[in-house]
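Novice: I am sharing final.pdb, which consists of PDB, C-alpha atoms and all ligand atoms:
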MODEL        1
ATOM      1  CA  MET A   1      -3.601 -26.444 -16.982
ATOM      2  CA  ASN A   2      -4.712 -24.771 -13.807
ATOM      3  CA  ASP A   3      -3.173 -21.507 -12.838
ATOM      4  CA  LYS A   4      -2.447 -21.632  -9.161
ATOM      5  CA  SER A   5      -2.811 -18.183  -7.784
ATOM      6  CA  SER A   6      -3.645 -16.921  -4.385
ATOM      7  CA  VAL A   7      -6.771 -15.000  -3.594
ATOM      8  CA  LEU A   8      -5.418 -13.523  -0.420
ATOM      9  CA  GLY A   9      -2.506 -11.187  -0.673
ATOM     10  CA  ASN A  10      -3.280  -9.214  -3.794
ATOM     11  CA  MET A  11      -6.493  -7.505  -2.776
ATOM     12  CA  ILE A  12      -6.534  -4.634  -0.317
ATOM     13  CA  GLU A  13      -8.922  -5.053   2.582
ATOM     14  CA  PRO A  14     -10.931  -1.946   3.547
ATOM     15  CA  ILE A  15     -10.061  -0.263   6.851
ATOM     16  CA  ASP A  16     -11.727  -1.746   9.927
ATOM     17  CA  VAL A  17     -14.121   0.001  12.316
ATOM     18  CA  ARG A  18     -11.302   1.043  14.622
ATOM     19  CA  LEU A  19      -9.537   2.955  11.832
ATOM     20  CA  GLU A  20     -12.873   4.300  10.580
ATOM     21  CA  GLN A  21     -13.392   5.738  14.038
ATOM     22  CA  GLN A  22      -9.961   7.361  13.902
ATOM     23  CA  VAL A  23     -10.831   8.982  10.568
ATOM     24  CA  ARG A  24     -14.189  10.167  11.972
ATOM     25  CA  LEU A  25     -12.424  11.786  14.916
ATOM     26  CA  GLN A  26      -9.943  13.525  12.619
ATOM     27  CA  THR A  27     -12.804  14.794  10.472
ATOM     28  CA  ARG A  28     -14.554  16.188  13.557
ATOM     29  CA  GLU A  29     -11.321  17.783  14.690
ATOM     30  CA  TYR A  30     -10.941  19.663  11.385
ATOM     31  CA  ILE A  31     -14.571  20.756  11.488
ATOM     32  CA  ARG A  32     -14.019  22.065  15.023
ATOM     33  CA  ARG A  33     -10.862  23.868  13.951
ATOM     34  CA  ALA A  34     -12.657  25.489  11.034
ATOM     35  CA  SER A  35     -15.481  26.646  13.324
ATOM     36  CA  ARG A  36     -12.892  28.474  15.429
ATOM     37  CA  LEU A  37     -10.758  29.754  12.556
ATOM     38  CA  PHE A  38     -13.681  31.188  10.608
ATOM     39  CA  ASP A  39     -15.771  32.079  13.631
ATOM     40  CA  CYS A  40     -18.676  30.149  12.226
ATOM     41  CA  PRO A  41     -20.295  27.283  14.122
ATOM     42  CA  LEU A  42     -20.246  24.268  11.819
ATOM     43  CA  ALA A  43     -22.392  21.242  12.577
ATOM     44  CA  MET A  44     -20.862  17.788  12.542
ATOM     45  CA  ILE A  45     -21.965  15.928   9.449
ATOM     46  CA  PRO A  46     -22.245  12.216   8.697
ATOM     47  CA  VAL A  47     -19.060  10.463   7.606
ATOM     48  CA  ARG A  48     -19.454   7.368   5.474
ATOM     49  CA  PHE A  49     -17.002   4.832   4.168
ATOM     50  CA  ASP A  50     -18.890   3.753   1.080
ATOM     51  CA  LEU A  51     -16.889   5.471  -1.651
ATOM     52  CA  ARG A  52     -15.343   3.170  -4.274
ATOM     53  CA  GLY A  53     -13.060   3.614  -7.235
ATOM     54  CA  ARG A  54     -10.351   6.178  -7.790
ATOM     55  CA  ALA A  55     -11.446   8.961  -5.468
ATOM     56  CA  ALA A  56     -10.237   8.891  -1.869
ATOM     57  CA  GLY A  57     -12.939  11.222  -0.609
ATOM     58  CA  MET A  58     -16.004  13.191  -1.589
ATOM     59  CA  TYR A  59     -18.104  15.922  -0.051
ATOM     60  CA  LYS A  60     -21.703  15.567  -1.084
ATOM     61  CA  VAL A  61     -25.007  17.319  -0.585
ATOM     62  CA  ILE A  62     -28.086  15.219  -1.250
ATOM     63  CA  ASN A  63     -31.448  16.907  -0.657
ATOM     64  CA  SER A  64     -29.715  19.462   1.572
ATOM     65  CA  GLU A  65     -28.186  16.660   3.643
ATOM     66  CA  ARG A  66     -24.425  17.166   3.779
ATOM     67  CA  MET A  67     -21.986  14.319   4.164
ATOM     68  CA  ILE A  68     -18.405  13.271   3.636
ATOM     69  CA  ARG A  69     -17.685   9.941   1.995
ATOM     70  CA  TYR A  70     -14.332   8.196   2.143
ATOM     71  CA  ASN A  71     -12.907   5.286   0.198
ATOM     72  CA  PRO A  72     -12.045   2.617   2.804
ATOM     73  CA  TYR A  73      -9.768   0.793   0.338
ATOM     74  CA  LEU A  74      -7.605   3.798  -0.486
ATOM     75  CA  PHE A  75      -7.470   4.662   3.204
ATOM     76  CA  ALA A  76      -6.293   1.129   3.914
ATOM     77  CA  LYS A  77      -3.522   1.407   1.367
ATOM     78  CA  TYR A  78      -2.374   4.952   2.180
ATOM     79  CA  PHE A  79      -3.731   5.594   5.646
ATOM     80  CA  GLU A  80      -1.387   8.293   6.951
ATOM     81  CA  ASP A  81      -1.392  10.187   3.689
ATOM     82  CA  ASN A  82      -5.176  10.183   3.443
ATOM     83  CA  VAL A  83      -5.624  11.271   7.043
ATOM     84  CA  ALA A  84      -3.193  14.140   6.415
ATOM     85  CA  THR A  85      -4.594  15.238   3.039
ATOM     86  CA  THR A  86      -7.984  13.755   2.113
ATOM     87  CA  VAL A  87      -9.611  14.539   5.463
ATOM     88  CA  PRO A  88      -8.781  18.299   5.447
ATOM     89  CA  HIS A  89      -9.509  18.367   1.686
ATOM     90  CA  GLU A  90     -13.108  17.173   2.141
ATOM     91  CA  VAL A  91     -13.705  19.197   5.291
ATOM     92  CA  ALA A  92     -12.510  22.277   3.359
ATOM     93  CA  HIS A  93     -15.211  21.618   0.726
ATOM     94  CA  TYR A  94     -17.792  21.524   3.515
ATOM     95  CA  VAL A  95     -16.429  24.733   5.061
ATOM     96  CA  VAL A  96     -16.493  26.547   1.710
ATOM     97  CA  ASP A  97     -20.044  25.349   1.098
ATOM     98  CA  MET A  98     -21.179  26.732   4.458
ATOM     99  CA  LEU A  99     -19.288  30.029   4.108
ATOM    100  CA  TYR A 100     -19.939  30.837   0.445
ATOM    101  CA  GLY A 101     -22.296  28.218  -0.985
ATOM    102  CA  ALA A 102     -20.647  25.528  -3.090
ATOM    103  CA  SER A 103     -22.395  26.643  -6.275
ATOM    104  CA  ASN A 104     -20.994  30.195  -5.996
ATOM    105  CA  VAL A 105     -17.330  29.238  -6.100
ATOM    106  CA  LYS A 106     -15.009  26.940  -8.009
ATOM    107  CA  PRO A 107     -14.558  23.573  -6.253
ATOM    108  CA  HIS A 108     -10.817  24.019  -5.739
ATOM    109  CA  GLY A 109     -10.789  27.797  -6.102
ATOM    110  CA  LEU A 110      -9.234  30.486  -3.930
ATOM    111  CA  GLU A 111     -11.762  30.055  -1.108
ATOM    112  CA  TRP A 112     -11.044  26.341  -0.821
ATOM    113  CA  GLN A 113      -7.305  26.970  -1.034
ATOM    114  CA  ARG A 114      -7.556  29.519   1.750
ATOM    115  CA  VAL A 115      -9.290  27.016   4.033
ATOM    116  CA  MET A 116      -6.662  24.392   3.243
ATOM    117  CA  ARG A 117      -3.855  26.834   4.085
ATOM    118  CA  SER A 118      -5.556  27.769   7.323
ATOM    119  CA  PHE A 119      -5.356  24.061   8.220
ATOM    120  CA  GLY A 120      -1.651  24.170   7.408
ATOM    121  CA  THR A 121      -2.234  21.809   4.486
ATOM    122  CA  GLU A 122      -0.973  22.283   0.978
ATOM    123  CA  PRO A 123      -3.973  22.960  -1.292
ATOM    124  CA  ARG A 124      -3.443  20.075  -3.674
ATOM    125  CA  ALA A 125      -6.590  19.295  -5.646
ATOM    126  CA  THR A 126      -5.979  15.698  -6.603
ATOM    127  CA  ALA A 127      -3.796  12.864  -5.508
ATOM    128  CA  SER A 128      -2.889  10.066  -7.847
ATOM    129  CA  TYR A 129      -2.605   6.792  -6.049
ATOM    130  CA  ASP A 130      -1.433   3.484  -7.357
ATOM    131  CA  LEU A 131      -4.710   1.583  -7.530
ATOM    132  CA  SER A 132      -3.368  -1.964  -7.700
ATOM    133  CA  GLY A 133      -5.295  -4.111  -5.279
ATOM    134  CA  ILE A 134      -8.078  -1.526  -5.072
ATOM    135  CA  PRO A 135     -11.444  -2.534  -6.528
ATOM    136  CA  VAL A 136     -12.062   0.248  -9.047
ATOM    137  CA  ARG A 137     -15.399  -0.990 -10.255
ATOM    138  CA  ARG A 138     -18.310  -2.110  -8.230
ATOM    139  CA  GLN A 139     -18.203  -5.798  -8.970
ATOM    140  CA  LYS A 140     -20.331  -8.667  -7.975
ATOM    141  CA  ARG A 141     -18.393 -10.853  -5.566
ATOM    142  CA  HIS A 142     -18.831 -14.543  -4.907
ATOM    143  CA  ALA A 143     -18.398 -16.297  -1.596
ATOM    144  CA  TYR A 144     -15.912 -19.151  -1.572
ATOM    145  CA  GLN A 145     -14.883 -21.364   1.279
ATOM    146  CA  CYS A 146     -11.490 -22.850   2.111
ATOM    147  CA  ALA A 147     -10.692 -24.861   5.228
ATOM    148  CA  CYS A 148     -10.212 -21.795   7.380
ATOM    149  CA  THR A 149     -12.354 -18.904   6.235
ATOM    150  CA  LEU A 150     -14.675 -17.344   3.670
ATOM    151  CA  HIS A 151     -13.231 -15.532   0.661
ATOM    152  CA  SER A 152     -14.881 -13.041  -1.604
ATOM    153  CA  ILE A 153     -13.807 -13.450  -5.204
ATOM    154  CA  SER A 154     -14.512 -11.620  -8.437
ATOM    155  CA  THR A 155     -16.866 -12.751 -11.194
ATOM    156  CA  ALA A 156     -13.912 -13.167 -13.574
ATOM    157  CA  ARG A 157     -12.285 -15.645 -11.217
ATOM    158  CA  HIS A 158     -15.592 -17.301 -10.425
ATOM    159  CA  ASN A 159     -16.117 -17.910 -14.162
ATOM    160  CA  ARG A 160     -12.598 -19.268 -14.552
ATOM    161  CA  ILE A 161     -13.283 -21.753 -11.787
ATOM    162  CA  LEU A 162     -16.659 -22.745 -13.243
ATOM    163  CA  GLY A 163     -15.055 -23.209 -16.649
ATOM    164  CA  GLY A 164     -12.386 -25.424 -15.122
ATOM    165  CA  LYS A 165      -9.693 -22.975 -16.243
ATOM    166  CA  ALA A 166      -8.317 -22.135 -12.826
ATOM    167  CA  ARG A 167      -8.250 -23.261  -9.252
ATOM    168  CA  TYR A 168      -7.478 -20.926  -6.380
ATOM    169  CA  TYR A 169      -5.902 -21.762  -3.077
ATOM    170  CA  CYS A 170      -6.035 -20.029   0.266
ATOM    171  CA  ARG A 171      -2.651 -18.622   1.174
ATOM    172  CA  ASN A 172      -3.331 -19.360   4.804
ATOM    173  CA  CYS A 173      -4.421 -23.004   4.798
ATOM    174  CA  ASN A 174      -3.463 -23.982   1.256
ATOM    175  CA  THR A 175      -6.718 -25.714   0.474
ATOM    176  CA  ALA A 176      -8.596 -25.110  -2.778
ATOM    177  CA  LEU A 177     -11.458 -22.627  -2.628
ATOM    178  CA  LYS A 178     -14.937 -24.042  -3.172
ATOM    179  CA  LEU A 179     -18.131 -22.154  -3.821
ATOM    180  CA  ALA A 180     -19.728 -21.535  -0.440
ATOM    181  CA  ASN A 181     -23.266 -22.702   0.231
ATOM    182  CA  SER A 182     -25.560 -19.911  -0.746
ATOM    183  CA  GLU A 183     -27.398 -18.451   2.211
TER     184      GLU A 183
HETATM  185 ZN    ZN B   1     -11.919  18.327  -3.941
HETATM  186 ZN    ZN B   2      -7.866 -20.979   4.286
ENDMDL
END
With the file now loaded, output its structure as structure tokens.
Ligand SMILES: [Zn+2]
Ligand SMILES: [Zn+2]

Specialist:
Amino acid sequence: MNDKSSVLGNMIEPIDVRLEQQVRLQTREYIRRASRLFDCPLAMIPVRFDLRGRAAGMYKVINSERMIRYNPYLFAKYFEDNVATTVPHEVAHYVVDMLYGASNVKPHGLEWQRVMRSFGTEPRATASYDLSGIPVRRQKRHAYQCACTLHSISTARHNRILGGKARYYCRNCNTALKLANSE
């Protein structure tokens, strides 16, 4: 028996470039605010949207290059909340790193809390989001074609199709998904 389930509809799509741009602008705005509040000129740093899994954001220093990474899936699912909390949260890590040196203080210690309060944001260290629909592991995806578009499906589903155990249909055009020609 084939289990007829839909590929579209249960996976969250990452935010698009327009929303990414909005998040970048918000990040810059907080960096600018911190520069004023702490009387310390802070450079703009790269903002990436390549974070996956459970974390909504991350401030990272790699070979003295500083950056903020966001999870475009969690932002898609909880956009307003992440803009209001994750953005100041990660900027506050950057500010603390520049003011005190990240290795000299606790990650969510008093210094970080003070920066968060100065932004008017509650210093909450972690958020727990419902992760359904969010890819929590980096998985290999497979390209499948219906009559209207390309779909990206998981290895588990791909194997079910290959084993003849399941067939998936596009919610939009209702045709069965077929493995796309490899490019
Ligand atoms: Zn943190
Ligand atoms: Zn379709």

Novice: Counting all atoms listed in the file, which protein, DNA or RNA residues come within 12 Å of ligand ZN 2 (chain B), given as a PDB file with C-alpha atoms, keeping the file's coordinate frame?

Specialist:
ATOM      1  CA  SER A   6      -3.645 -16.921  -4.385  1.00  0.00           C
ATOM      2  CA  VAL A   7      -6.771 -15.000  -3.594  1.00  0.00           C
ATOM      3  CA  LEU A   8      -5.418 -13.523  -0.420  1.00  0.00           C
ATOM      4  CA  TYR A 144     -15.912 -19.151  -1.572  1.00  0.00           C
ATOM      5  CA  GLN A 145     -14.883 -21.364   1.279  1.00  0.00           C
ATOM      6  CA  CYS A 146     -11.490 -22.850   2.111  1.00  0.00           C
ATOM      7  CA  ALA A 147     -10.692 -24.861   5.228  1.00  0.00           C
ATOM      8  CA  CYS A 148     -10.212 -21.795   7.380  1.00  0.00           C
ATOM      9  CA  THR A 149     -12.354 -18.904   6.235  1.00  0.00           C
ATOM     10  CA  LEU A 150     -14.675 -17.344   3.670  1.00  0.00           C
ATOM     11  CA  HIS A 151     -13.231 -15.532   0.661  1.00  0.00           C
ATOM     12  CA  TYR A 168      -7.478 -20.926  -6.380  1.00  0.00           C
ATOM     13  CA  TYR A 169      -5.902 -21.762  -3.077  1.00  0.00           C
ATOM     14  CA  CYS A 170      -6.035 -20.029   0.266  1.00  0.00           C
ATOM     15  CA  ARG A 171      -2.651 -18.622   1.174  1.00  0.00           C
ATOM     16  CA  ASN A 172      -3.331 -19.360   4.804  1.00  0.00           C
ATOM     17  CA  CYS A 173      -4.421 -23.004   4.798  1.00  0.00           C
ATOM     18  CA  ASN A 174      -3.463 -23.982   1.256  1.00  0.00           C
ATOM     19  CA  THR A 175      -6.718 -25.714   0.474  1.00  0.00           C
ATOM     20  CA  ALA A 176      -8.596 -25.110  -2.778  1.00  0.00           C
ATOM     21  CA  LEU A 177     -11.458 -22.627  -2.628  1.00  0.00           C
ATOM     22  CA  LYS A 178     -14.937 -24.042  -3.172  1.00  0.00           C
TER      23      LYS A 178
END

Novice: From the list A:Arg36, A:His93, A:Arg167, A:Lys140, which residue is nearest ligand ZN 1 (chain B) when using only C-alpha atoms and all ligand atoms?

Specialist: A:His93

Novice: Using 8 Å as the limit and counting all atoms listed in the file, can you tabulate each residue of chain A that touches ligand ZN 1 (chain B), with its shortest atom-to-atom distance in Å and the two atoms involved, as CSV?

Specialist:
residue,atom,partner,partner_atom,distance
A:Gly57,CA,B:ZN1,ZN,7.9
A:Met58,CA,B:ZN1,ZN,7.0
A:Tyr59,CA,B:ZN1,ZN,7.7
A:His89,CA,B:ZN1,ZN,6.1
A:Glu90,CA,B:ZN1,ZN,6.3
A:His93,CA,B:ZN1,ZN,6.6
A:Pro107,CA,B:ZN1,ZN,6.3
A:His108,CA,B:ZN1,ZN,6.1
A:Ala125,CA,B:ZN1,ZN,5.7
A:Thr126,CA,B:ZN1,ZN,7.0

Novice: Counting only C-alpha atoms, what is within 12 Å of A:Val83, bar same-chain residues fewer than 5 positions away, as a VMD selection string?

Specialist: chain A and resid 19 to 27 29 to 30 56 to 57 70 to 72 74 to 78 88 to 91 121

Novice: Identify which of the residues A:His158, A:Ala166, A:Val95, A:Ala55 lies closest to A:Arg114, counting all atoms listed in the file when measuring atom-to-atom distances.

Specialist: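 Selected residue with least distance to A:Arg114: A:Val95.
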